[in-house]
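A.B. asks: The structure file model.pdb (PDB, C-alpha atoms) is provided below.
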MODEL        1
ATOM      1  CA  MET A 245      -4.789  90.187  69.944
ATOM      2  CA  ASN A 246      -6.550  93.399  70.243
ATOM      3  CA  LEU A 247      -5.299  96.042  72.597
ATOM      4  CA  LYS A 248      -6.993  98.953  74.317
ATOM      5  CA  THR A 249      -4.285 101.577  74.296
ATOM      6  CA  LEU A 250      -0.640 101.606  73.388
ATOM      7  CA  SER A 251       0.327 101.756  77.054
ATOM      8  CA  ALA A 252      -2.028  98.917  77.969
ATOM      9  CA  ALA A 253      -0.806  96.965  74.986
ATOM     10  CA  ALA A 254       2.799  97.325  76.022
ATOM     11  CA  ALA A 255       2.007  96.186  79.539
ATOM     12  CA  VAL A 256       0.009  93.152  78.462
ATOM     13  CA  LEU A 257       2.426  92.101  75.769
ATOM     14  CA  ALA A 258       5.387  92.482  78.070
ATOM     15  CA  LEU A 259       3.729  90.164  80.563
ATOM     16  CA  ALA A 260       2.399  87.622  78.141
ATOM     17  CA  GLY A 261       5.093  87.662  75.508
ATOM     18  CA  LEU A 262       2.266  87.640  72.988
ATOM     19  CA  ALA A 263       4.362  89.467  70.454
ATOM     20  CA  GLY A 264       7.034  86.812  70.713
ATOM     21  CA  SER A 265      10.519  86.990  72.109
ATOM     22  CA  SER A 266      12.019  90.295  73.100
ATOM     23  CA  THR A 267      14.341  90.108  70.110
ATOM     24  CA  ALA A 268      11.550  89.431  67.679
ATOM     25  CA  GLY A 269       9.272  92.438  67.445
ATOM     26  CA  ALA A 270       6.445  90.485  65.853
ATOM     27  CA  VAL A 271       2.945  91.853  65.949
ATOM     28  CA  PRO A 272       0.299  89.696  67.642
ATOM     29  CA  GLY A 273      -1.540  87.223  65.473
ATOM     30  CA  THR A 274      -4.620  85.070  65.581
ATOM     31  CA  VAL A 275      -4.694  82.618  68.484
ATOM     32  CA  SER A 276      -8.269  81.359  68.192
ATOM     33  CA  GLY A 277      -9.382  78.574  65.849
ATOM     34  CA  ASP A 278     -12.435  77.080  64.211
ATOM     35  CA  GLY A 279     -12.932  73.981  66.334
ATOM     36  CA  GLY A 280      -9.863  71.867  65.730
ATOM     37  CA  ASN A 281      -8.249  69.501  68.219
ATOM     38  CA  ARG A 282      -4.771  71.010  68.279
ATOM     39  CA  ILE A 283      -3.241  73.197  70.958
ATOM     40  CA  GLY A 284      -0.055  75.163  70.446
ATOM     41  CA  THR A 285       2.191  76.843  72.968
ATOM     42  CA  LEU A 286       5.190  79.087  72.683
ATOM     43  CA  ARG A 287       7.517  78.635  75.640
ATOM     44  CA  VAL A 288       9.762  81.127  77.420
ATOM     45  CA  ASN A 289      12.860  79.744  75.696
ATOM     46  CA  GLY A 290      11.341  80.203  72.218
ATOM     47  CA  ASP A 291      10.398  76.554  71.668
ATOM     48  CA  ALA A 292       7.036  75.903  69.973
ATOM     49  CA  TYR A 293       5.069  72.813  70.993
ATOM     50  CA  VAL A 294       1.844  71.417  69.551
ATOM     51  CA  LYS A 295      -0.407  68.611  70.760
ATOM     52  CA  GLU A 296      -3.234  66.898  68.890
ATOM     53  CA  GLY A 297      -6.259  65.119  70.305
ATOM     54  CA  GLY A 298      -7.512  65.338  73.860
ATOM     55  CA  LEU A 299      -6.483  67.920  76.420
ATOM     56  CA  SER A 300      -4.049  65.438  77.966
ATOM     57  CA  ALA A 301      -2.338  64.469  74.706
ATOM     58  CA  THR A 302       1.462  64.516  74.475
ATOM     59  CA  TRP A 303       3.314  67.640  73.388
ATOM     60  CA  VAL A 304       5.478  67.523  70.257
ATOM     61  CA  LYS A 305       8.276  70.061  69.846
ATOM     62  CA  GLU A 306       7.862  71.748  66.490
ATOM     63  CA  SER A 307      10.631  74.332  66.319
ATOM     64  CA  GLY A 308      13.001  76.481  68.320
ATOM     65  CA  ASN A 309      13.708  80.221  68.091
ATOM     66  CA  VAL A 310      10.021  80.935  67.482
ATOM     67  CA  LYS A 311       8.244  84.239  68.072
ATOM     68  CA  GLN A 312       4.754  83.303  66.830
ATOM     69  CA  VAL A 313       2.836  80.051  66.365
ATOM     70  CA  ALA A 314      -0.373  79.727  64.317
ATOM     71  CA  LEU A 315      -2.684  76.733  63.818
ATOM     72  CA  SER A 316      -5.442  75.947  61.328
ATOM     73  CA  GLY A 317      -6.771  72.500  60.489
ATOM     74  CA  ASN A 318      -3.806  70.245  59.750
ATOM     75  CA  ARG A 319      -1.467  73.182  59.155
ATOM     76  CA  ILE A 320       1.010  74.650  61.609
ATOM     77  CA  GLY A 321       2.792  77.916  61.032
ATOM     78  CA  VAL A 322       5.705  79.410  62.897
ATOM     79  CA  LEU A 323       7.547  82.681  62.616
ATOM     80  CA  THR A 324      11.155  82.360  63.670
ATOM     81  CA  GLY A 325      13.327  84.973  65.276
ATOM     82  CA  ASP A 326      15.037  85.792  61.991
ATOM     83  CA  GLY A 327      11.703  86.788  60.414
ATOM     84  CA  VAL A 328      11.178  83.621  58.377
ATOM     85  CA  ALA A 329       7.654  82.163  58.109
ATOM     86  CA  TRP A 330       7.415  78.374  57.895
ATOM     87  CA  VAL A 331       4.316  76.204  57.408
ATOM     88  CA  LYS A 332       3.849  72.438  57.566
ATOM     89  CA  GLU A 333       0.814  70.452  56.497
ATOM     90  CA  GLY A 334      -0.244  67.018  57.747
ATOM     91  CA  GLY A 335       0.951  65.366  60.920
ATOM     92  CA  LEU A 336       2.802  67.063  63.745
ATOM     93  CA  SER A 337       6.096  65.726  62.381
ATOM     94  CA  ALA A 338       5.531  66.822  58.776
ATOM     95  CA  THR A 339       8.248  68.707  56.895
ATOM     96  CA  TRP A 340       8.471  72.479  57.104
ATOM     97  CA  VAL A 341       8.129  74.605  53.972
ATOM     98  CA  LYS A 342       9.751  78.037  53.913
ATOM     99  CA  GLU A 343       7.062  80.546  52.992
ATOM    100  CA  ALA A 344       8.498  84.056  53.265
ATOM    101  CA  THR A 345      11.247  86.203  54.774
ATOM    102  CA  ASP A 346      11.210  89.626  56.456
ATOM    103  CA  VAL A 347       7.916  88.680  58.146
ATOM    104  CA  LYS A 348       6.498  90.068  61.391
ATOM    105  CA  GLN A 349       3.172  88.184  61.486
ATOM    106  CA  ILE A 350       1.814  84.950  60.028
ATOM    107  CA  ALA A 351      -1.862  83.991  59.720
ATOM    108  CA  LEU A 352      -3.533  80.737  58.672
ATOM    109  CA  SER A 353      -7.091  79.788  57.739
ATOM    110  CA  GLY A 354      -8.111  76.732  55.746
ATOM    111  CA  ASN A 355      -5.975  76.621  52.610
ATOM    112  CA  ARG A 356      -4.920  80.256  52.932
ATOM    113  CA  ILE A 357      -1.684  81.578  54.365
ATOM    114  CA  GLY A 358      -1.069  85.229  55.109
ATOM    115  CA  VAL A 359       2.071  87.112  56.006
ATOM    116  CA  LEU A 360       2.631  90.667  57.131
ATOM    117  CA  LYS A 361       6.042  91.921  56.104
ATOM    118  CA  ASP A 362       8.325  94.216  58.069
ATOM    119  CA  ASN A 363       7.589  96.975  55.545
ATOM    120  CA  GLY A 364       3.830  96.780  56.208
ATOM    121  CA  GLU A 365       2.903  94.887  53.047
ATOM    122  CA  ALA A 366       0.359  92.087  53.533
ATOM    123  CA  TYR A 367       0.351  89.046  51.259
ATOM    124  CA  VAL A 368      -2.004  86.050  51.086
ATOM    125  CA  LYS A 369      -1.746  82.800  49.129
ATOM    126  CA  GLU A 370      -4.448  80.216  48.523
ATOM    127  CA  GLY A 371      -4.021  76.536  47.781
ATOM    128  CA  GLY A 372      -0.864  74.525  48.363
ATOM    129  CA  LEU A 373       2.066  75.588  50.488
ATOM    130  CA  SER A 374       3.944  76.660  47.354
ATOM    131  CA  ALA A 375       1.097  78.696  45.843
ATOM    132  CA  THR A 376       1.747  82.198  44.533
ATOM    133  CA  TRP A 377       1.509  85.182  46.846
ATOM    134  CA  VAL A 378      -1.006  87.958  46.172
ATOM    135  CA  LYS A 379      -0.308  91.390  47.603
ATOM    136  CA  GLU A 380      -3.347  92.516  49.557
ATOM    137  CA  SER A 381      -2.507  95.905  51.068
ATOM    138  CA  ASP A 382       0.185  98.351  52.156
ATOM    139  CA  LYS A 383       0.780 100.042  55.511
ATOM    140  CA  VAL A 384      -0.804  97.170  57.451
ATOM    141  CA  LYS A 385      -0.506  96.775  61.228
ATOM    142  CA  GLU A 386      -2.478  93.552  61.652
ATOM    143  CA  LEU A 387      -3.639  90.786  59.313
ATOM    144  CA  GLU A 388      -6.462  88.317  59.994
ATOM    145  CA  LEU A 389      -7.879  85.434  57.948
ATOM    146  CA  SER A 390     -11.084  83.422  58.280
ATOM    147  CA  GLY A 391     -12.617  81.320  55.525
ATOM    148  CA  ASN A 392     -12.901  83.495  52.432
ATOM    149  CA  ARG A 393     -12.539  86.720  54.409
ATOM    150  CA  ILE A 394      -9.403  88.775  54.931
ATOM    151  CA  GLY A 395      -9.151  91.581  57.453
ATOM    152  CA  VAL A 396      -6.496  94.214  57.989
ATOM    153  CA  ILE A 397      -5.896  97.232  60.141
ATOM    154  CA  THR A 398      -3.934  99.920  58.355
ATOM    155  CA  GLY A 399      -1.551 102.392  59.890
ATOM    156  CA  ASP A 400      -4.239 105.053  60.129
ATOM    157  CA  GLY A 401      -6.356 102.833  62.394
ATOM    158  CA  VAL A 402      -8.903 101.826  59.755
ATOM    159  CA  ALA A 403     -10.205  98.232  59.766
ATOM    160  CA  TRP A 404     -10.921  96.777  56.333
ATOM    161  CA  VAL A 405     -12.415  93.411  55.350
ATOM    162  CA  LYS A 406     -12.794  91.718  51.967
ATOM    163  CA  GLU A 407     -14.847  88.648  51.145
ATOM    164  CA  GLY A 408     -14.406  86.228  48.263
ATOM    165  CA  GLY A 409     -11.302  85.899  46.119
ATOM    166  CA  LEU A 410      -7.898  87.271  47.001
ATOM    167  CA  SER A 411      -8.477  90.220  44.671
ATOM    168  CA  ALA A 412     -11.924  91.142  46.018
ATOM    169  CA  SER A 413     -12.651  94.744  46.967
ATOM    170  CA  TRP A 414     -12.041  96.039  50.470
ATOM    171  CA  VAL A 415     -14.928  97.286  52.620
ATOM    172  CA  ARG A 416     -14.194  99.877  55.293
ATOM    173  CA  GLU A 417     -15.444  98.517  58.601
ATOM    174  CA  SER A 418     -14.304 100.813  61.401
ATOM    175  CA  ASP A 419     -12.096 103.756  62.296
ATOM    176  CA  ASN A 420      -9.879 104.059  65.379
ATOM    177  CA  ALA A 421      -9.396 100.286  65.347
ATOM    178  CA  ILE A 422      -6.531  98.693  67.256
ATOM    179  CA  GLY A 423      -7.593  95.062  66.820
ATOM    180  CA  ILE A 424      -9.619  92.956  64.405
ATOM    181  CA  ASP A 425     -10.847  89.365  64.589
ATOM    182  CA  LEU A 426     -12.796  87.231  62.124
ATOM    183  CA  ALA A 427     -14.790  84.016  62.547
ATOM    184  CA  GLY A 428     -17.313  82.694  60.045
ATOM    185  CA  ASN A 429     -19.685  85.536  59.212
ATOM    186  CA  ARG A 430     -18.700  87.536  62.290
ATOM    187  CA  ILE A 431     -16.316  90.461  62.427
ATOM    188  CA  GLY A 432     -15.007  91.914  65.657
ATOM    189  CA  VAL A 433     -13.092  95.111  66.215
ATOM    190  CA  LEU A 434     -11.562  96.641  69.280
ATOM    191  CA  VAL A 435     -11.365 100.415  69.177
ATOM    192  CA  GLY A 436      -8.981 102.722  70.933
ATOM    193  CA  ASN A 437     -11.193 103.414  73.945
ATOM    194  CA  GLY A 438     -11.364  99.731  74.888
ATOM    195  CA  VAL A 439     -14.825  99.044  73.462
ATOM    196  CA  ALA A 440     -15.316  95.725  71.654
ATOM    197  CA  TRP A 441     -17.813  95.597  68.795
ATOM    198  CA  VAL A 442     -19.017  92.591  66.802
ATOM    199  CA  LYS A 443     -21.209  92.305  63.709
ATOM    200  CA  GLU A 444     -22.769  89.225  62.187
ATOM    201  CA  GLY A 445     -23.793  88.660  58.581
ATOM    202  CA  GLY A 446     -22.623  90.693  55.607
ATOM    203  CA  LEU A 447     -19.736  93.126  55.599
ATOM    204  CA  SER A 448     -22.159  96.024  56.009
ATOM    205  CA  ALA A 449     -24.131  94.540  58.907
ATOM    206  CA  SER A 450     -24.764  96.623  62.020
ATOM    207  CA  TRP A 451     -22.327  96.664  64.905
ATOM    208  CA  VAL A 452     -23.308  95.444  68.376
ATOM    209  CA  ARG A 453     -21.444  96.846  71.365
ATOM    210  CA  GLU A 454     -20.179  93.834  73.323
ATOM    211  CA  ALA A 455     -18.030  95.062  76.214
ATOM    212  CA  ASP A 456     -15.979  97.928  77.627
ATOM    213  CA  ASP A 457     -12.500  98.012  79.200
ATOM    214  CA  VAL A 458     -11.338  95.272  76.814
ATOM    215  CA  ILE A 459      -7.705  94.529  75.936
ATOM    216  CA  GLN A 460      -8.291  91.371  73.861
ATOM    217  CA  LEU A 461     -11.217  90.225  71.711
ATOM    218  CA  GLU A 462     -11.495  86.701  70.273
ATOM    219  CA  LEU A 463     -14.154  85.011  68.124
ATOM    220  CA  SER A 464     -14.833  81.364  67.281
ATOM    221  CA  GLY A 465     -18.075  79.978  65.906
ATOM    222  CA  ASN A 466     -20.926  81.399  68.012
ATOM    223  CA  ARG A 467     -18.654  82.246  70.926
ATOM    224  CA  ILE A 468     -17.137  85.606  71.780
ATOM    225  CA  GLY A 469     -14.374  86.015  74.324
ATOM    226  CA  VAL A 470     -12.994  89.149  75.889
ATOM    227  CA  LEU A 471     -10.162  89.846  78.279
ATOM    228  CA  LYS A 472     -10.721  92.895  80.453
ATOM    229  CA  ASP A 473      -7.956  95.185  81.619
ATOM    230  CA  SER A 474      -8.661  93.823  85.100
ATOM    231  CA  GLY A 475      -7.424  90.398  83.956
ATOM    232  CA  ASP A 476     -10.938  88.920  83.993
ATOM    233  CA  ALA A 477     -11.795  86.688  81.038
ATOM    234  CA  TYR A 478     -15.412  86.372  79.881
ATOM    235  CA  VAL A 479     -17.043  84.259  77.179
ATOM    236  CA  LYS A 480     -20.558  84.308  75.732
ATOM    237  CA  GLU A 481     -22.202  81.713  73.529
ATOM    238  CA  GLY A 482     -25.077  82.176  71.120
ATOM    239  CA  GLY A 483     -26.312  85.480  69.761
ATOM    240  CA  LEU A 484     -24.424  88.738  69.933
ATOM    241  CA  SER A 485     -26.537  89.816  72.921
ATOM    242  CA  ALA A 486     -26.071  86.589  74.915
ATOM    243  CA  THR A 487     -25.052  86.766  78.555
ATOM    244  CA  TRP A 488     -21.404  86.862  79.548
ATOM    245  CA  VAL A 489     -19.977  84.056  81.686
ATOM    246  CA  HIS A 490     -16.947  84.819  83.846
ATOM    247  CA  GLU A 491     -14.258  82.283  82.967
ATOM    248  CA  TYR A 492     -11.062  83.238  84.755
ATOM    249  CA  THR A 493      -9.263  85.876  86.814
ATOM    250  CA  HIS A 494      -5.694  87.145  86.509
ATOM    251  CA  ALA A 495      -5.492  86.098  82.837
ATOM    252  CA  ILE A 496      -3.190  87.751  80.320
ATOM    253  CA  GLN A 497      -4.484  85.952  77.214
ATOM    254  CA  ILE A 498      -7.643  84.178  76.076
ATOM    255  CA  ALA A 499      -8.115  81.828  73.120
ATOM    256  CA  LEU A 500     -11.223  80.145  71.682
ATOM    257  CA  SER A 501     -11.829  77.251  69.320
ATOM    258  CA  GLY A 502     -15.122  75.439  68.901
ATOM    259  CA  ASN A 503     -16.058  74.220  72.383
ATOM    260  CA  ARG A 504     -12.593  74.886  73.787
ATOM    261  CA  ILE A 505     -11.496  77.906  75.797
ATOM    262  CA  GLY A 506      -7.895  78.604  76.720
ATOM    263  CA  VAL A 507      -6.366  81.084  79.121
ATOM    264  CA  LEU A 508      -2.820  82.045  79.961
ATOM    265  CA  LYS A 509      -1.857  83.420  83.375
ATOM    266  CA  GLY A 510       0.951  85.780  84.187
ATOM    267  CA  ASP A 511       2.874  82.955  85.858
ATOM    268  CA  GLY A 512       3.111  81.192  82.510
ATOM    269  CA  ASN A 513       0.543  78.479  83.206
ATOM    270  CA  ALA A 514      -1.735  77.723  80.246
ATOM    271  CA  ARG A 515      -5.113  76.106  80.858
ATOM    272  CA  VAL A 516      -7.770  74.815  78.473
ATOM    273  CA  LYS A 517     -11.331  73.627  79.051
ATOM    274  CA  GLU A 518     -13.535  71.677  76.673
ATOM    275  CA  GLY A 519     -17.318  71.552  76.592
ATOM    276  CA  GLY A 520     -19.684  74.062  78.140
ATOM    277  CA  LEU A 521     -18.695  77.463  79.437
ATOM    278  CA  SER A 522     -18.551  76.074  82.978
ATOM    279  CA  ALA A 523     -16.410  73.019  82.147
ATOM    280  CA  THR A 524     -13.351  72.169  84.255
ATOM    281  CA  TRP A 525      -9.970  73.658  83.466
ATOM    282  CA  VAL A 526      -7.028  71.414  82.568
ATOM    283  CA  LEU A 527      -3.468  72.644  83.134
ATOM    284  CA  GLU A 528      -1.696  72.212  79.799
ATOM    285  CA  ALA A 529       1.821  73.584  80.277
ATOM    286  CA  GLY A 530       3.991  75.986  82.232
ATOM    287  CA  ASP A 531       6.515  78.610  81.096
ATOM    288  CA  VAL A 532       4.145  79.575  78.259
ATOM    289  CA  THR A 533       4.241  82.977  76.581
ATOM    290  CA  GLU A 534       1.596  82.374  73.913
ATOM    291  CA  LEU A 535      -1.305  79.935  73.589
ATOM    292  CA  ALA A 536      -2.956  79.079  70.253
ATOM    293  CA  LEU A 537      -5.881  76.787  69.387
ATOM    294  CA  SER A 538      -6.714  75.279  65.990
TER     295      SER A 538
ENDMDL
END
Now that the file is in, can you turn its structure into structure tokens?

C.D. replies:
Amino acid sequence: MNLKTLSAAAAVLALAGLAGSSTAGAVPGTVSGDGGNRIGTLRVNGDAYVKEGGLSATWVKESGNVKQVALSGNRIGVLTGDGVAWVKEGGLSATWVKEATDVKQIALSGNRIGVLKDNGEAYVKEGGLSATWVKESDKVKELELSGNRIGVITGDGVAWVKEGGLSASWVRESDNAIGIDLAGNRIGVLVGNGVAWVKEGGLSASWVREADDVIQLELSGNRIGVLKDSGDAYVKEGGLSATWVHEYTHAIQIALSGNRIGVLKGDGNARVKEGGLSATWVLEAGDVTELALS
């Protein structure tokens, strides 16, 4: 979730509930995936549901009192209203493992789990669900994971990314950043004036200006999605200079994963399409406040 201005952010988050329940105060987390077949929704009443398989698969209730849901591969993560991060691995009915307390954001990617604590400290673990935490940074506002990359935005608006092991060195990517997203060898940042930038390749690659008037930027594979402050959702596929395709109007959230695109409307209806950019939308659920794809 990457937001244009604080006022725009407040408006969008209030509508979408993307930061979780009003009692939660969680920061937005990653909602886009790497091409999995799971869809997660957070409902108005705080219940988290996940389905696996086709777009018409059956929902499974995962947990109540949830303010954020995250998916990656066969892992599901939830952040509950009391600030506890839980992760399960395996089937949809696997057992939860308590990961951390005093958490305001959870992030998953492959065999890595990240948490952002209430005090601004970001931690990441690699391996099993009971692996040891490694402190990554202080004064963090957002934490993102993708493969062997970790991205953060610090309180001064600087976006940093590291690549490799958990103790690799940080590379300064952008100033005035209010959102960061990672996918493969792509890095995306949204800066304070609503401009979305994406780079591809190494951490020092050149930025390409993707779109203006953006309030959310999402990456997955060779797709880039943006949500404009007008509520219009656009996706492009291919190179960084590919042509935008208009996907939806009156959206308050967009999510990408592989050949899936998801949108959430202000009325709480979540829709997902699978295939090409012009595929048909399928209504997934109502009363949704957050949509996540694996």

A.B. asks: Quick one: which residues end up in the PyMOL selection byres ((chain A and resi 510-512) around 7) for this structure, as a count of residues only?

C.D. replies: 12

A.B. asks: Can you tell me which residues surround region 294-299 of chain A at a distance of at most 9 Å, considering all atoms listed in the file, apart from same-chain residues fewer than 6 positions away, and format the answer as a PyMOL selection string?

C.D. replies: chain A and resi 280-286+305-306+320+336+516-518+526-528

A.B. asks: Take the residues from that selection and put them in a file with C-alpha atoms, as a short mmCIF file (atom, residue, chain, number, x, y, z; two decimals), in the frame of the given file.

C.D. replies:
data_model
loop_
_atom_site.label_atom_id
_atom_site.label_comp_id
_atom_site.auth_asym_id
_atom_site.auth_seq_id
_atom_site.Cartn_x
_atom_site.Cartn_y
_atom_site.Cartn_z
CA GLY A 280 -9.86 71.87 65.73
CA ASN A 281 -8.25 69.50 68.22
CA ARG A 282 -4.77 71.01 68.28
CA ILE A 283 -3.24 73.20 70.96
CA GLY A 284 -0.06 75.16 70.45
CA THR A 285 2.19 76.84 72.97
CA LEU A 286 5.19 79.09 72.68
CA LYS A 305 8.28 70.06 69.85
CA GLU A 306 7.86 71.75 66.49
CA ILE A 320 1.01 74.65 61.61
CA LEU A 336 2.80 67.06 63.74
CA VAL A 516 -7.77 74.82 78.47
CA LYS A 517 -11.33 73.63 79.05
CA GLU A 518 -13.54 71.68 76.67
CA VAL A 526 -7.03 71.41 82.57
CA LEU A 527 -3.47 72.64 83.13
CA GLU A 528 -1.70 72.21 79.80
#

A.B. asks: Translate the PyMOL selection byres ((chain A and resi 369) around 10) into a concrete residue list for this structure, as a ChimeraX atom specification.

C.D. replies: /A:343,352,355-359,367-368,370-380,410

A.B. asks: Name the residues that the PyMOL selection byres ((chain A and resi 273) around 12) pulls out of this structure, and write them as a PyMOL selection string.

C.D. replies: chain A and resi 245-247+262-264+270-272+274-277+311-315+321-323+348-352+358-360+385-389+395-396+423-426+460-462+499+534-537

A.B. asks: CA of Gly401 (chain A) and CA of Leu471 (chain A), how far apart in Å?

C.D. replies: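 CA of Leu471 (chain A) sits 20.9 Å away from CA of Gly401 (chain A).
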
A.B. asks: Kindly give the distance, in Å, that separates CA of Gly465 (chain A) and CA of Ser316 (chain A), rounded to a single decimal.

C.D. replies: 14.0 Å

A.B. asks: May I ask for the distance between CA of Leu434 (chain A) and CA of Val347 (chain A), given in Å to one decimal place?

C.D. replies: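 Separating CA of Leu434 (chain A) from CA of Val347 (chain A) is a distance of 23.8 Å.
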
A.B. asks: Applying 6 Å and all atoms listed in the file, which residues near Val507 (chain A) remain after dropping the ones on its own chain fewer than 3 positions away? List them as JSON, numbers by chain.

C.D. replies: {"A": [497, 498, 514, 515]}

A.B. asks: Which is closest to Ser485 (chain A) among A:Ser307, A:Ser381, A:Asn466, A:Ser501, if we use only C-alpha atoms?

C.D. replies: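 Going through A:Ser307, A:Ser381, A:Asn466, A:Ser501 one by one, the smallest distance to Ser485 (chain A) is for A:Asn466.
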
A.B. asks: Taking all atoms listed in the file into account, name the residue in A:Asp346, A:Glu365, A:Glu407, A:Asp473 that is nearest to Ala455 (chain A).

C.D. replies: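 Closest residue, counting all atoms listed in the file: A:Asp473.
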
A.B. asks: Between A:Gly445, A:Thr398, A:His490, A:Gly506, which one has atoms that come closest to Ser522 (chain A), using all atoms listed in the file?

C.D. replies: A:His490

A.B. asks: Please return, as a ChimeraX atom specification, all polymer residues that have at least one atom within 8 Å of the point (-4.6, 71.7, 59.2); use all atoms listed in the file and the file's own coordinate frame.

C.D. replies: /A:315-320,333-334,354,538

A.B. asks: Could you list as a PyMOL selection string every residue that has an atom within 10 Å of (-16.5, 99.4, 58.7), using the file's coordinates and counting only C-alpha atoms?

C.D. replies: chain A and resi 402-405+414-419+421+431+433+443+447-451
